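Colleague: Contents of entry-v1.cif (mmCIF, C-alpha atoms) are below:
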data_run
loop_
_atom_site.group_PDB
_atom_site.id
_atom_site.type_symbol
_atom_site.label_atom_id
_atom_site.label_comp_id
_atom_site.auth_asym_id
_atom_site.auth_seq_id
_atom_site.Cartn_x
_atom_site.Cartn_y
_atom_site.Cartn_z
ATOM 1 C CA MET A 1 -2.177 13.112 10.394
ATOM 2 C CA ALA A 2 -5.593 13.992 8.947
ATOM 3 C CA VAL A 3 -3.949 14.751 5.618
ATOM 4 C CA LEU A 4 -2.077 11.457 5.586
ATOM 5 C CA SER A 5 -5.081 9.326 6.504
ATOM 6 C CA THR A 6 -7.200 11.128 3.885
ATOM 7 C CA LEU A 7 -4.469 10.378 1.377
ATOM 8 C CA VAL A 8 -4.660 6.674 2.256
ATOM 9 C CA TYR A 9 -8.419 6.745 1.611
ATOM 10 C CA VAL A 10 -8.086 8.616 -1.683
ATOM 11 C CA VAL A 11 -5.288 6.485 -3.114
ATOM 12 C CA GLY A 12 -6.960 3.297 -1.822
ATOM 13 C CA ALA A 13 -10.299 4.244 -3.383
ATOM 14 C CA LEU A 14 -8.706 5.153 -6.715
ATOM 15 C CA THR A 15 -6.778 1.878 -6.788
ATOM 16 C CA ALA A 16 -9.936 -0.072 -5.967
ATOM 17 C CA LEU A 17 -11.953 1.695 -8.688
ATOM 18 C CA LEU A 18 -9.191 1.166 -11.216
ATOM 19 C CA ALA A 19 -9.049 -2.523 -10.284
ATOM 20 C CA VAL A 20 -12.805 -2.883 -10.732
ATOM 21 C CA TYR A 21 -12.496 -1.251 -14.158
ATOM 22 C CA TYR A 22 -9.751 -3.712 -15.121
ATOM 23 C CA THR A 23 -11.858 -6.621 -13.879
ATOM 24 C CA VAL A 24 -14.952 -5.543 -15.804
ATOM 25 C CA ARG A 25 -12.952 -4.958 -18.984
ATOM 26 C CA ASP A 26 -11.238 -8.347 -18.518
ATOM 27 C CA LEU A 27 -7.746 -6.822 -18.272
ATOM 28 C CA SER A 28 -4.800 -8.244 -16.409
ATOM 29 C CA ALA A 29 -2.781 -5.962 -14.179
ATOM 30 C CA ASP A 30 -0.367 -3.653 -16.016
ATOM 31 C CA LEU A 31 2.130 -1.089 -14.770
ATOM 32 C CA VAL A 32 -0.612 1.489 -14.168
ATOM 33 C CA LEU A 33 -2.586 -0.746 -11.804
ATOM 34 C CA LEU A 34 0.554 -2.133 -10.182
ATOM 35 C CA GLY A 35 1.799 1.441 -9.816
ATOM 36 C CA ALA A 36 -1.431 2.468 -8.083
ATOM 37 C CA SER A 37 -1.011 -0.477 -5.740
ATOM 38 C CA ALA A 38 2.586 0.549 -5.050
ATOM 39 C CA LEU A 39 1.412 4.095 -4.351
ATOM 40 C CA THR A 40 -1.008 2.715 -1.737
ATOM 41 C CA LEU A 41 1.959 1.046 -0.103
ATOM 42 C CA VAL A 42 4.024 4.260 -0.103
ATOM 43 C CA VAL A 43 1.208 6.396 1.326
ATOM 44 C CA TRP A 44 0.530 3.794 4.007
ATOM 45 C CA ALA A 45 4.230 3.625 4.892
ATOM 46 C CA VAL A 46 4.415 7.418 5.283
ATOM 47 C CA MET A 47 1.269 7.464 7.441
ATOM 48 C CA GLY A 48 2.572 4.545 9.534
ATOM 49 C CA GLY A 49 5.937 6.252 9.853
ATOM 50 C CA ALA A 50 4.234 9.394 11.156
ATOM 51 C CA LEU A 51 2.318 7.332 13.731
ATOM 52 C CA LEU A 52 5.546 5.589 14.766
ATOM 53 C CA ALA A 53 7.261 8.970 15.159
ATOM 54 C CA ARG A 54 4.414 10.175 17.330
ATOM 55 C CA ASP A 55 4.647 7.024 19.472
ATOM 56 C CA LEU A 56 8.418 7.341 19.854
ATOM 57 C CA GLY A 57 8.046 11.055 20.552
ATOM 58 C CA GLY A 58 6.318 10.450 23.856
ATOM 59 C CA GLY A 59 2.878 9.245 22.831
ATOM 60 C CA SER A 60 1.260 6.504 24.920
ATOM 61 C CA VAL A 61 -0.347 3.723 22.881
ATOM 62 C CA ASP A 62 -2.955 1.690 24.785
ATOM 63 C CA ASP A 63 -2.524 -1.388 22.627
ATOM 64 C CA PRO A 64 0.812 -1.371 20.784
ATOM 65 C CA VAL A 65 0.536 -5.019 19.643
ATOM 66 C CA THR A 66 -2.690 -4.353 17.744
ATOM 67 C CA LEU A 67 -1.504 -0.992 16.418
ATOM 68 C CA TYR A 68 1.732 -2.308 14.972
ATOM 69 C CA GLY A 69 0.011 -5.476 13.797
ATOM 70 C CA TYR A 70 -2.317 -3.303 11.743
ATOM 71 C CA LEU A 71 0.489 -1.110 10.437
ATOM 72 C CA LEU A 72 2.442 -4.185 9.358
ATOM 73 C CA THR A 73 -0.604 -5.777 7.739
ATOM 74 C CA GLY A 74 -1.109 -2.545 5.799
ATOM 75 C CA LEU A 75 2.410 -2.915 4.412
ATOM 76 C CA VAL A 76 1.937 -6.562 3.458
ATOM 77 C CA LEU A 77 -1.467 -6.122 1.744
ATOM 78 C CA PRO A 78 -0.377 -4.125 -1.344
ATOM 79 C CA LEU A 79 2.594 -6.464 -1.706
ATOM 80 C CA ALA A 80 0.326 -9.500 -1.690
ATOM 81 C CA GLY A 81 -2.057 -7.791 -4.111
ATOM 82 C CA GLY A 82 0.780 -6.841 -6.439
ATOM 83 C CA TRP A 83 2.193 -10.347 -6.264
ATOM 84 C CA ALA A 84 -1.161 -11.808 -7.276
ATOM 85 C CA GLY A 85 -1.483 -9.222 -10.044
ATOM 86 C CA LEU A 86 1.946 -10.176 -11.391
ATOM 87 C CA TRP A 87 1.427 -13.932 -11.397
ATOM 88 C CA GLU A 88 -2.279 -14.291 -12.066
ATOM 89 C CA ARG A 89 -2.417 -12.781 -15.545
ATOM 90 C CA THR A 90 -6.223 -12.610 -15.750
ATOM 91 C CA ARG A 91 -8.891 -10.230 -14.549
ATOM 92 C CA TRP A 92 -8.861 -12.054 -11.217
ATOM 93 C CA GLY A 93 -5.331 -10.893 -10.499
ATOM 94 C CA SER A 94 -6.567 -7.325 -10.988
ATOM 95 C CA LEU A 95 -9.483 -7.956 -8.652
ATOM 96 C CA VAL A 96 -7.113 -9.163 -5.913
ATOM 97 C CA ILE A 97 -5.335 -5.791 -6.135
ATOM 98 C CA GLY A 98 -8.743 -4.151 -5.677
ATOM 99 C CA ALA A 99 -9.579 -6.361 -2.699
ATOM 100 C CA ALA A 100 -6.247 -5.437 -1.110
ATOM 101 C CA ALA A 101 -6.960 -1.721 -1.642
ATOM 102 C CA VAL A 102 -10.421 -1.997 -0.056
ATOM 103 C CA THR A 103 -8.938 -3.833 2.925
ATOM 104 C CA GLU A 104 -6.323 -1.100 3.246
ATOM 105 C CA MET A 105 -9.121 1.447 3.672
ATOM 106 C CA VAL A 106 -10.838 -0.731 6.275
ATOM 107 C CA LEU A 107 -7.568 -0.933 8.224
ATOM 108 C CA MET A 108 -7.311 2.854 8.008
ATOM 109 C CA MET A 109 -10.793 3.209 9.494
ATOM 110 C CA ARG A 110 -9.815 1.010 12.425
ATOM 111 C CA LEU A 111 -6.553 2.792 13.274
ATOM 112 C CA PRO A 112 -8.065 5.845 15.033
ATOM 113 C CA GLN A 113 -10.188 3.424 17.110
ATOM 114 C CA ILE A 114 -7.066 1.554 18.178
ATOM 115 C CA TRP A 115 -5.066 4.649 19.059
ATOM 116 C CA ALA A 116 -7.197 7.785 19.169
ATOM 117 C CA GLY A 117 -4.249 9.721 20.621
ATOM 118 C CA GLY A 118 -2.281 9.161 17.460
ATOM 119 C CA PHE A 119 -4.884 11.048 15.437
ATOM 120 C CA ALA A 120 -5.841 13.712 17.963
ATOM 121 C CA MET B 1 -3.709 -17.938 -21.992
ATOM 122 C CA SER B 2 -0.297 -17.238 -20.598
ATOM 123 C CA ALA B 3 2.405 -19.845 -20.257
ATOM 124 C CA ARG B 4 1.717 -20.216 -16.576
ATOM 125 C CA PRO B 5 -1.551 -21.992 -15.769
ATOM 126 C CA SER B 6 -4.197 -19.578 -14.586
ATOM 127 C CA ARG B 7 -6.182 -20.221 -11.473
ATOM 128 C CA GLY B 8 -8.723 -17.527 -12.086
ATOM 129 C CA LEU B 9 -11.181 -16.900 -9.300
ATOM 130 C CA THR B 10 -9.317 -19.309 -7.014
ATOM 131 C CA THR B 11 -6.600 -16.656 -6.680
ATOM 132 C CA LEU B 12 -9.086 -14.176 -5.262
ATOM 133 C CA LEU B 13 -10.458 -16.749 -2.812
ATOM 134 C CA VAL B 14 -6.955 -17.671 -1.672
ATOM 135 C CA PHE B 15 -6.245 -13.980 -1.065
ATOM 136 C CA VAL B 16 -9.416 -13.312 0.935
ATOM 137 C CA TYR B 17 -9.128 -16.558 2.902
ATOM 138 C CA GLY B 18 -5.464 -15.808 3.562
ATOM 139 C CA LEU B 19 -6.423 -12.400 4.866
ATOM 140 C CA PHE B 20 -8.971 -13.874 7.240
ATOM 141 C CA ALA B 21 -6.530 -16.588 8.289
ATOM 142 C CA LEU B 22 -3.980 -13.921 9.160
ATOM 143 C CA SER B 23 -6.305 -11.525 10.962
ATOM 144 C CA ALA B 24 -8.328 -14.165 12.804
ATOM 145 C CA THR B 25 -5.179 -15.966 13.976
ATOM 146 C CA ALA B 26 -3.502 -12.775 15.147
ATOM 147 C CA ARG B 27 -6.617 -11.594 16.889
ATOM 148 C CA SER B 28 -7.387 -14.855 18.664
ATOM 149 C CA LEU B 29 -3.775 -15.353 19.788
ATOM 150 C CA VAL B 30 -3.658 -11.852 21.260
ATOM 151 C CA GLN B 31 -6.969 -12.448 23.029
ATOM 152 C CA ILE B 32 -6.028 -15.874 24.350
ATOM 153 C CA LEU B 33 -2.564 -14.903 25.547
ATOM 154 C CA ARG B 34 -3.759 -11.687 27.128
ATOM 155 C CA GLU B 35 -7.015 -12.499 28.881
ATOM 156 C CA PHE B 36 -8.298 -15.981 28.171
ATOM 157 C CA ASP B 37 -10.414 -16.146 31.351
ATOM 158 C CA ARG B 38 -12.503 -13.212 30.310
ATOM 159 C CA ALA B 39 -14.349 -15.023 27.541
ATOM 160 C CA PRO B 40 -13.060 -18.599 27.196
ATOM 161 C CA VAL B 41 -15.841 -19.800 24.891
ATOM 162 C CA ALA B 42 -15.599 -16.825 22.564
ATOM 163 C CA TYR B 43 -11.808 -16.946 22.383
ATOM 164 C CA THR B 44 -11.721 -20.695 21.775
ATOM 165 C CA LEU B 45 -14.229 -20.322 18.950
ATOM 166 C CA SER B 46 -12.143 -17.475 17.538
ATOM 167 C CA LEU B 47 -9.190 -19.843 17.420
ATOM 168 C CA VAL B 48 -11.301 -22.552 15.758
ATOM 169 C CA ALA B 49 -12.389 -20.023 13.134
ATOM 170 C CA ALA B 50 -8.765 -18.995 12.589
ATOM 171 C CA LEU B 51 -7.627 -22.603 12.112
ATOM 172 C CA THR B 52 -10.472 -23.230 9.675
ATOM 173 C CA TYR B 53 -9.426 -20.229 7.596
ATOM 174 C CA ILE B 54 -5.806 -21.413 7.553
ATOM 175 C CA ALA B 55 -6.898 -24.879 6.420
ATOM 176 C CA VAL B 56 -9.165 -23.555 3.658
ATOM 177 C CA THR B 57 -6.483 -21.147 2.412
ATOM 178 C CA LEU B 58 -3.879 -23.909 2.149
ATOM 179 C CA THR B 59 -6.298 -26.371 0.573
ATOM 180 C CA PHE B 60 -7.442 -23.929 -2.118
ATOM 181 C CA ALA B 61 -3.856 -22.900 -2.834
ATOM 182 C CA LEU B 62 -2.279 -26.361 -2.890
ATOM 183 C CA ARG B 63 -5.032 -28.767 -3.911
ATOM 184 C CA GLY B 64 -7.427 -26.568 -5.812
ATOM 185 C CA PRO B 65 -11.170 -26.024 -5.571
ATOM 186 C CA ARG B 66 -12.133 -29.479 -6.814
ATOM 187 C CA SER B 67 -10.434 -31.450 -4.058
ATOM 188 C CA PRO B 68 -12.792 -33.258 -1.671
ATOM 189 C CA LEU B 69 -10.991 -31.631 1.250
ATOM 190 C CA ALA B 70 -11.862 -28.140 -0.031
ATOM 191 C CA LEU B 71 -15.563 -28.992 -0.099
ATOM 192 C CA ALA B 72 -15.451 -30.577 3.366
ATOM 193 C CA LEU B 73 -13.610 -27.638 4.948
ATOM 194 C CA VAL B 74 -15.867 -25.005 3.404
ATOM 195 C CA ILE B 75 -18.911 -26.888 4.708
ATOM 196 C CA VAL B 76 -17.310 -26.968 8.183
ATOM 197 C CA GLU B 77 -16.741 -23.235 7.862
ATOM 198 C CA LEU B 78 -20.317 -22.527 6.818
ATOM 199 C CA VAL B 79 -21.695 -24.648 9.666
ATOM 200 C CA GLY B 80 -19.364 -22.803 12.051
ATOM 201 C CA VAL B 81 -20.513 -19.343 10.958
ATOM 202 C CA ILE B 82 -24.181 -20.295 11.178
ATOM 203 C CA ALA B 83 -23.803 -22.120 14.512
ATOM 204 C CA VAL B 84 -21.746 -19.379 16.185
ATOM 205 C CA GLY B 85 -23.910 -16.665 14.639
ATOM 206 C CA THR B 86 -27.043 -18.282 16.025
ATOM 207 C CA LEU B 87 -25.421 -18.960 19.393
ATOM 208 C CA THR B 88 -24.346 -15.340 19.836
ATOM 209 C CA LEU B 89 -27.931 -14.248 19.330
ATOM 210 C CA ALA B 90 -29.423 -17.041 21.454
ATOM 211 C CA ASP B 91 -27.011 -16.850 24.393
ATOM 212 C CA PRO B 92 -25.097 -13.552 24.412
ATOM 213 C CA ALA B 93 -23.814 -14.263 27.949
ATOM 214 C CA LEU B 94 -21.410 -16.840 26.508
ATOM 215 C CA PHE B 95 -19.795 -14.097 24.464
ATOM 216 C CA PRO B 96 -18.666 -11.132 26.549
ATOM 217 C CA GLU B 97 -16.257 -10.431 23.694
ATOM 218 C CA PRO B 98 -17.123 -10.812 20.008
ATOM 219 C CA THR B 99 -15.582 -13.455 17.732
ATOM 220 C CA VAL B 100 -15.038 -13.371 13.993
ATOM 221 C CA TRP B 101 -18.248 -15.336 13.569
ATOM 222 C CA SER B 102 -20.397 -13.397 16.078
ATOM 223 C CA ASP B 103 -23.772 -12.305 14.687
ATOM 224 C CA PHE B 104 -22.869 -13.980 11.383
ATOM 225 C CA GLY B 105 -19.729 -11.889 10.992
ATOM 226 C CA ILE B 106 -21.341 -8.486 11.453
ATOM 227 C CA GLY B 107 -18.046 -6.996 12.673
ATOM 228 C CA TYR B 108 -16.467 -7.906 9.351
ATOM 229 C CA GLY B 109 -19.195 -6.643 7.042
ATOM 230 C CA PHE B 110 -20.784 -10.115 6.900
ATOM 231 C CA VAL B 111 -17.883 -11.269 4.748
ATOM 232 C CA PRO B 112 -17.500 -14.393 6.977
ATOM 233 C CA LEU B 113 -21.027 -15.437 5.953
ATOM 234 C CA VAL B 114 -20.682 -14.581 2.268
ATOM 235 C CA LEU B 115 -17.223 -16.142 1.919
ATOM 236 C CA PRO B 116 -18.182 -19.838 2.349
ATOM 237 C CA LEU B 117 -21.184 -19.351 0.056
ATOM 238 C CA ALA B 118 -18.978 -17.819 -2.630
ATOM 239 C CA ALA B 119 -16.458 -20.624 -2.125
ATOM 240 C CA LEU B 120 -19.194 -23.265 -2.481
ATOM 241 C CA ALA B 121 -20.408 -21.644 -5.695
ATOM 242 C CA HIS B 122 -16.861 -21.599 -7.037
ATOM 243 C CA ILE B 123 -16.327 -25.251 -6.072
ATOM 244 C CA ALA B 124 -19.577 -26.256 -7.789
ATOM 245 C CA ARG B 125 -18.660 -24.302 -10.917
ATOM 246 C CA SER B 126 -15.161 -25.787 -11.110
ATOM 247 C CA ARG B 127 -16.527 -29.313 -10.706
ATOM 248 C CA ARG B 128 -19.155 -28.772 -13.372
ATOM 249 C CA ARG B 129 -16.528 -27.514 -15.779
ATOM 250 C CA ALA B 130 -14.297 -30.469 -15.026
ATOM 251 C CA SER B 131 -17.068 -32.968 -15.694
ATOM 252 C CA ARG B 132 -17.755 -31.251 -19.009
ATOM 253 C CA GLY B 133 -14.061 -31.508 -19.764
ATOM 254 C CA GLN B 134 -13.814 -27.906 -20.849
ATOM 255 C CA ASP B 135 -11.440 -26.631 -18.237
ATOM 256 C CA VAL B 136 -8.220 -25.100 -19.432
ATOM 257 C CA GLY B 137 -6.485 -23.652 -16.449
ATOM 258 C CA PRO B 138 -7.387 -24.992 -13.038
ATOM 259 C CA THR B 139 -6.607 -28.625 -13.904
ATOM 260 C CA ALA B 140 -3.023 -27.830 -14.678
ATOM 261 C CA ALA B 141 -2.666 -25.989 -11.406
ATOM 262 C CA GLU B 142 -4.357 -28.823 -9.576
ATOM 263 C CA GLY B 143 -2.422 -31.609 -11.196
ATOM 264 C CA ARG B 144 0.818 -30.559 -9.588
#
Translate the structure described by the file into structure tokens.

Modeller:
Amino acid sequence: MAVLSTLVYVVGALTALLAVYYTVRDLSADLVLLGASALTLVVWAVMGGALLARDLGGGSVDDPVTLYGYLLTGLVLPLAGGWAGLWERTRWGSLVIGAAAVTEMVLMMRLPQIWAGGFA
Amino acid sequence: MSARPSRGLTTLLVFVYGLFALSATARSLVQILREFDRAPVAYTLSLVAALTYIAVTLTFALRGPRSPLALALVIVELVGVIAVGTLTLADPALFPEPTVWSDFGIGYGFVPLVLPLAALAHIARSRRRASRGQDVGPTAAEGR
């Protein structure tokens, strides 16, 4: 699980940095930035899937509503960011992708607080 | 300029407001449904904050930053953050559980305090541009 959560941080940080670069250079989102955003989604899905497997495999979650709310939000965020990047063809669309990536990392920080057992 | 009218910075604000609308609503509903009696004032204010975020999100998305409603709602939001922030410091007993706006949004990296200020700046900028008649994008989006 440590590997997967680290991966979320790394991919999220890279996506955010890339998005800032696009914003500063006044670039709209292209396939590279959208791809980075999609990668965030994939990594999050794998991490969330691993948590789900651990829950189903006899783990006891104290607060399942919050946990799965967070996992779902983490899936929606890159989609929303990518959607904005596709339709808002200015630097601001790129910045939304960055904002989504930063939020993804914040969600990741909160997950072990919600279910410490899942990361033990 | 692309064929589709650009909204520029408004897009970012809609995203961030939408995010807060989603998280604040989810959080306050869970709190209220689960244990309302524990902190009725805090949970009610959480719900008020959530509704404000929903309203601002929709207004920015549908009516644009120059609508009178956008200005009014953002001012309500700013007053709410400052009032609740002050109240949490002045009378912590009212808040056994934190709200989105507690201590000026400290639990959310002070974004709740910065957000209405950024929105006000954006509103002012959009209005100034409109009065100069040099706006290309946002009018088209707003005229729908």

Colleague: Compile the residues of chain B that lie within 9 Å of chain A, evaluated using only C-alpha atoms, and express the compilation as a PyMOL selection string.

Modeller: chain B and resi 1-2+4-13+15-16+19+22-23+26-27+30

Colleague: With the PyMOL selection byres ((chain B and resi 116) around 10) as the selection, what would be picked from this file? Answer as an NGL selection string, please.

Modeller: :B and (13 or 17 or 56 or 71 or 73-79 or 81 or 111-115 or 117-122)

Colleague: Counting all atoms listed in the file, which residue out of A:Leu14, A:Leu27, A:Leu67, A:Leu107 sits closest to Tyr108 of chain B?

Modeller: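 Counting all atoms listed in the file, the residue closest to Tyr108 of chain B is A:Leu107.
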
Colleague: Which is closest to Arg110 of chain A among A:Leu79, A:Leu71, A:Ala38, A:Leu52, if we use all atoms listed in the file?

Modeller: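 The answer is A:Leu71, which sits nearest to Arg110 of chain A.
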
Colleague: Could you give me, as a count of residues only, the residues that have an atom at most 12 Å away from the point (2.3, -1.1, -11.5) in the coordinates of the file, using all atoms listed in the file?

Modeller: 26

Colleague: What is the distance between atom CA of Trp101 of chain B and atom CA of Thr88 of chain B, in Å to one decimal?

Modeller: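 Value for the atom CA of Trp101 of chain B-atom CA of Thr88 of chain B distance: 8.7 Å.
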
Colleague: What gap, in Å, lies between atom CA of Leu45 of chain B and atom CA of Leu33 of chain B?

Modeller: 14.5 Å

Colleague: Running the PyMOL selection byres ((chain A and resi 10-12) around 7) on this model by hand, what would come out? Give it as a list in words.

Modeller: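 Against this file, the PyMOL selection byres ((chain A and resi 10-12) around 7) returns the residues Thr6, Leu7, Val8, Tyr9, Ala13, Leu14, Thr15, Ala16, Thr40, Ala101, Val102, Glu104 and Met105 of chain A.
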
Colleague: Could you write out as an MDAnalysis selection string the residues that the PyMOL selection byres ((chain B and resi 50) around 9) matches in the shown file?

Modeller: chainID B and resid 20:28 45:49 51:55 100

Colleague: List the residues sitting within 10 Å of (0.9, 3.4, 21.7) in the file's frame, using all atoms listed in the file, as a list in words.

Modeller: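 Residues close enough to count: Leu51, Leu52, Arg54, Asp55, Leu56, Gly58, Gly59, Ser60, Val61, Asp62, Asp63, Pro64, Val65, Thr66, Leu67, Tyr68, Ile114, Trp115, Ala116, Gly117 and Gly118 of chain A.
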
Colleague: Store the residues picked out above, limited to C-alpha atoms, as a PDB file, in the coordinates of the input.

Modeller:
ATOM      1  CA  LEU A  51       2.318   7.332  13.731  1.00  0.00           C
ATOM      2  CA  LEU A  52       5.546   5.589  14.766  1.00  0.00           C
ATOM      3  CA  ARG A  54       4.414  10.175  17.330  1.00  0.00           C
ATOM      4  CA  ASP A  55       4.647   7.024  19.472  1.00  0.00           C
ATOM      5  CA  LEU A  56       8.418   7.341  19.854  1.00  0.00           C
ATOM      6  CA  GLY A  58       6.318  10.450  23.856  1.00  0.00           C
ATOM      7  CA  GLY A  59       2.878   9.245  22.831  1.00  0.00           C
ATOM      8  CA  SER A  60       1.260   6.504  24.920  1.00  0.00           C
ATOM      9  CA  VAL A  61      -0.347   3.723  22.881  1.00  0.00           C
ATOM     10  CA  ASP A  62      -2.955   1.690  24.785  1.00  0.00           C
ATOM     11  CA  ASP A  63      -2.524  -1.388  22.627  1.00  0.00           C
ATOM     12  CA  PRO A  64       0.812  -1.371  20.784  1.00  0.00           C
ATOM     13  CA  VAL A  65       0.536  -5.019  19.643  1.00  0.00           C
ATOM     14  CA  THR A  66      -2.690  -4.353  17.744  1.00  0.00           C
ATOM     15  CA  LEU A  67      -1.504  -0.992  16.418  1.00  0.00           C
ATOM     16  CA  TYR A  68       1.732  -2.308  14.972  1.00  0.00           C
ATOM     17  CA  ILE A 114      -7.066   1.554  18.178  1.00  0.00           C
ATOM     18  CA  TRP A 115      -5.066   4.649  19.059  1.00  0.00           C
ATOM     19  CA  ALA A 116      -7.197   7.785  19.169  1.00  0.00           C
ATOM     20  CA  GLY A 117      -4.249   9.721  20.621  1.00  0.00           C
ATOM     21  CA  GLY A 118      -2.281   9.161  17.460  1.00  0.00           C
TER      22      GLY A 118
END

Colleague: Atom CA of Ala130 of chain B and atom CA of Val14 of chain B are how many Å apart?

Modeller: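 Atom-to-atom, atom CA of Ala130 of chain B to atom CA of Val14 of chain B, that is 19.9 Å.
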
Colleague: Centre and edge lengths of an axis-aligned box around all listed atoms of segment 83-91 of chain A, with 5 Å added on each side, are to be given in Å to one decimal, as AutoDock Vina command-line options.

Modeller:
--center_x -3.3 --center_y -11.8 --center_z -11.0 --size_x 21.1 --size_y 15.1 --size_z 19.5

Colleague: Given all atoms listed in the file as the basis, pick out the residue of B:Ser131, B:Ser67, B:Thr59, B:Thr44 nearest to Pro98 of chain B.

Modeller: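 Closest to Pro98 of chain B, using all atoms listed in the file: B:Thr44.
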
Colleague: Would you kindly return, as a list in words, each protein, DNA or RNA residue with an atom no farther than 12 Å from any atom of Ala93 of chain B, considering only C-alpha atoms and excluding same-chain residues fewer than 5 positions away?

Modeller: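 With the cut-off at 12 Å, the set is Arg38, Ala39, Pro40, Val41, Ala42, Leu87, Thr88 and Pro98 of chain B.
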
Colleague: Kindly reconstruct segment 30-49 of chain B with N, CA and C atoms and present the result as a PDB file, in the coordinates of the input.

Modeller:
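Saved file selection-v5.pdb follows:
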ATOM      1  N   VAL B  30      -3.775 -12.981  20.336  1.00  0.00           N
ATOM      2  CA  VAL B  30      -3.658 -11.852  21.260  1.00  0.00           C
ATOM      3  C   VAL B  30      -4.674 -11.985  22.389  1.00  0.00           C
ATOM      4  N   GLN B  31      -5.916 -12.324  22.017  1.00  0.00           N
ATOM      5  CA  GLN B  31      -6.969 -12.448  23.029  1.00  0.00           C
ATOM      6  C   GLN B  31      -6.659 -13.555  24.027  1.00  0.00           C
ATOM      7  N   ILE B  32      -6.241 -14.715  23.480  1.00  0.00           N
ATOM      8  CA  ILE B  32      -6.028 -15.874  24.350  1.00  0.00           C
ATOM      9  C   ILE B  32      -4.834 -15.651  25.273  1.00  0.00           C
ATOM     10  N   LEU B  33      -3.763 -15.103  24.734  1.00  0.00           N
ATOM     11  CA  LEU B  33      -2.564 -14.903  25.547  1.00  0.00           C
ATOM     12  C   LEU B  33      -2.779 -13.813  26.589  1.00  0.00           C
ATOM     13  N   ARG B  34      -3.627 -12.839  26.258  1.00  0.00           N
ATOM     14  CA  ARG B  34      -3.759 -11.687  27.128  1.00  0.00           C
ATOM     15  C   ARG B  34      -4.787 -11.900  28.232  1.00  0.00           C
ATOM     16  N   GLU B  35      -5.931 -12.432  27.886  1.00  0.00           N
ATOM     17  CA  GLU B  35      -7.015 -12.499  28.881  1.00  0.00           C
ATOM     18  C   GLU B  35      -7.985 -13.620  28.563  1.00  0.00           C
ATOM     19  N   PHE B  36      -7.466 -14.852  28.565  1.00  0.00           N
ATOM     20  CA  PHE B  36      -8.298 -15.981  28.171  1.00  0.00           C
ATOM     21  C   PHE B  36      -9.516 -16.143  29.082  1.00  0.00           C
ATOM     22  N   ASP B  37      -9.340 -15.884  30.386  1.00  0.00           N
ATOM     23  CA  ASP B  37     -10.414 -16.146  31.351  1.00  0.00           C
ATOM     24  C   ASP B  37     -11.627 -15.243  31.151  1.00  0.00           C
ATOM     25  N   ARG B  38     -11.426 -14.169  30.447  1.00  0.00           N
ATOM     26  CA  ARG B  38     -12.503 -13.212  30.310  1.00  0.00           C
ATOM     27  C   ARG B  38     -13.648 -13.764  29.460  1.00  0.00           C
ATOM     28  N   ALA B  39     -13.313 -14.486  28.423  1.00  0.00           N
ATOM     29  CA  ALA B  39     -14.349 -15.023  27.541  1.00  0.00           C
ATOM     30  C   ALA B  39     -13.845 -16.311  26.895  1.00  0.00           C
ATOM     31  N   PRO B  40     -13.688 -17.368  27.721  1.00  0.00           N
ATOM     32  CA  PRO B  40     -13.060 -18.599  27.196  1.00  0.00           C
ATOM     33  C   PRO B  40     -13.777 -19.181  25.986  1.00  0.00           C
ATOM     34  N   VAL B  41     -15.108 -19.210  26.015  1.00  0.00           N
ATOM     35  CA  VAL B  41     -15.841 -19.800  24.891  1.00  0.00           C
ATOM     36  C   VAL B  41     -15.606 -18.994  23.611  1.00  0.00           C
ATOM     37  N   ALA B  42     -15.766 -17.685  23.738  1.00  0.00           N
ATOM     38  CA  ALA B  42     -15.599 -16.825  22.564  1.00  0.00           C
ATOM     39  C   ALA B  42     -14.196 -16.941  21.995  1.00  0.00           C
ATOM     40  N   TYR B  43     -13.188 -16.932  22.874  1.00  0.00           N
ATOM     41  CA  TYR B  43     -11.808 -16.946  22.383  1.00  0.00           C
ATOM     42  C   TYR B  43     -11.450 -18.289  21.768  1.00  0.00           C
ATOM     43  N   THR B  44     -11.981 -19.375  22.361  1.00  0.00           N
ATOM     44  CA  THR B  44     -11.721 -20.695  21.775  1.00  0.00           C
ATOM     45  C   THR B  44     -12.343 -20.780  20.388  1.00  0.00           C
ATOM     46  N   LEU B  45     -13.571 -20.282  20.257  1.00  0.00           N
ATOM     47  CA  LEU B  45     -14.229 -20.322  18.950  1.00  0.00           C
ATOM     48  C   LEU B  45     -13.510 -19.431  17.943  1.00  0.00           C
ATOM     49  N   SER B  46     -12.943 -18.324  18.432  1.00  0.00           N
ATOM     50  CA  SER B  46     -12.143 -17.475  17.538  1.00  0.00           C
ATOM     51  C   SER B  46     -10.964 -18.257  16.977  1.00  0.00           C
ATOM     52  N   LEU B  47     -10.348 -19.046  17.858  1.00  0.00           N
ATOM     53  CA  LEU B  47      -9.190 -19.843  17.420  1.00  0.00           C
ATOM     54  C   LEU B  47      -9.624 -20.907  16.418  1.00  0.00           C
ATOM     55  N   VAL B  48     -10.778 -21.547  16.692  1.00  0.00           N
ATOM     56  CA  VAL B  48     -11.301 -22.552  15.758  1.00  0.00           C
ATOM     57  C   VAL B  48     -11.548 -21.922  14.389  1.00  0.00           C
ATOM     58  N   ALA B  49     -12.144 -20.729  14.399  1.00  0.00           N
ATOM     59  CA  ALA B  49     -12.389 -20.023  13.134  1.00  0.00           C
ATOM     60  C   ALA B  49     -11.074 -19.756  12.417  1.00  0.00           C
TER      61      ALA B  49
END
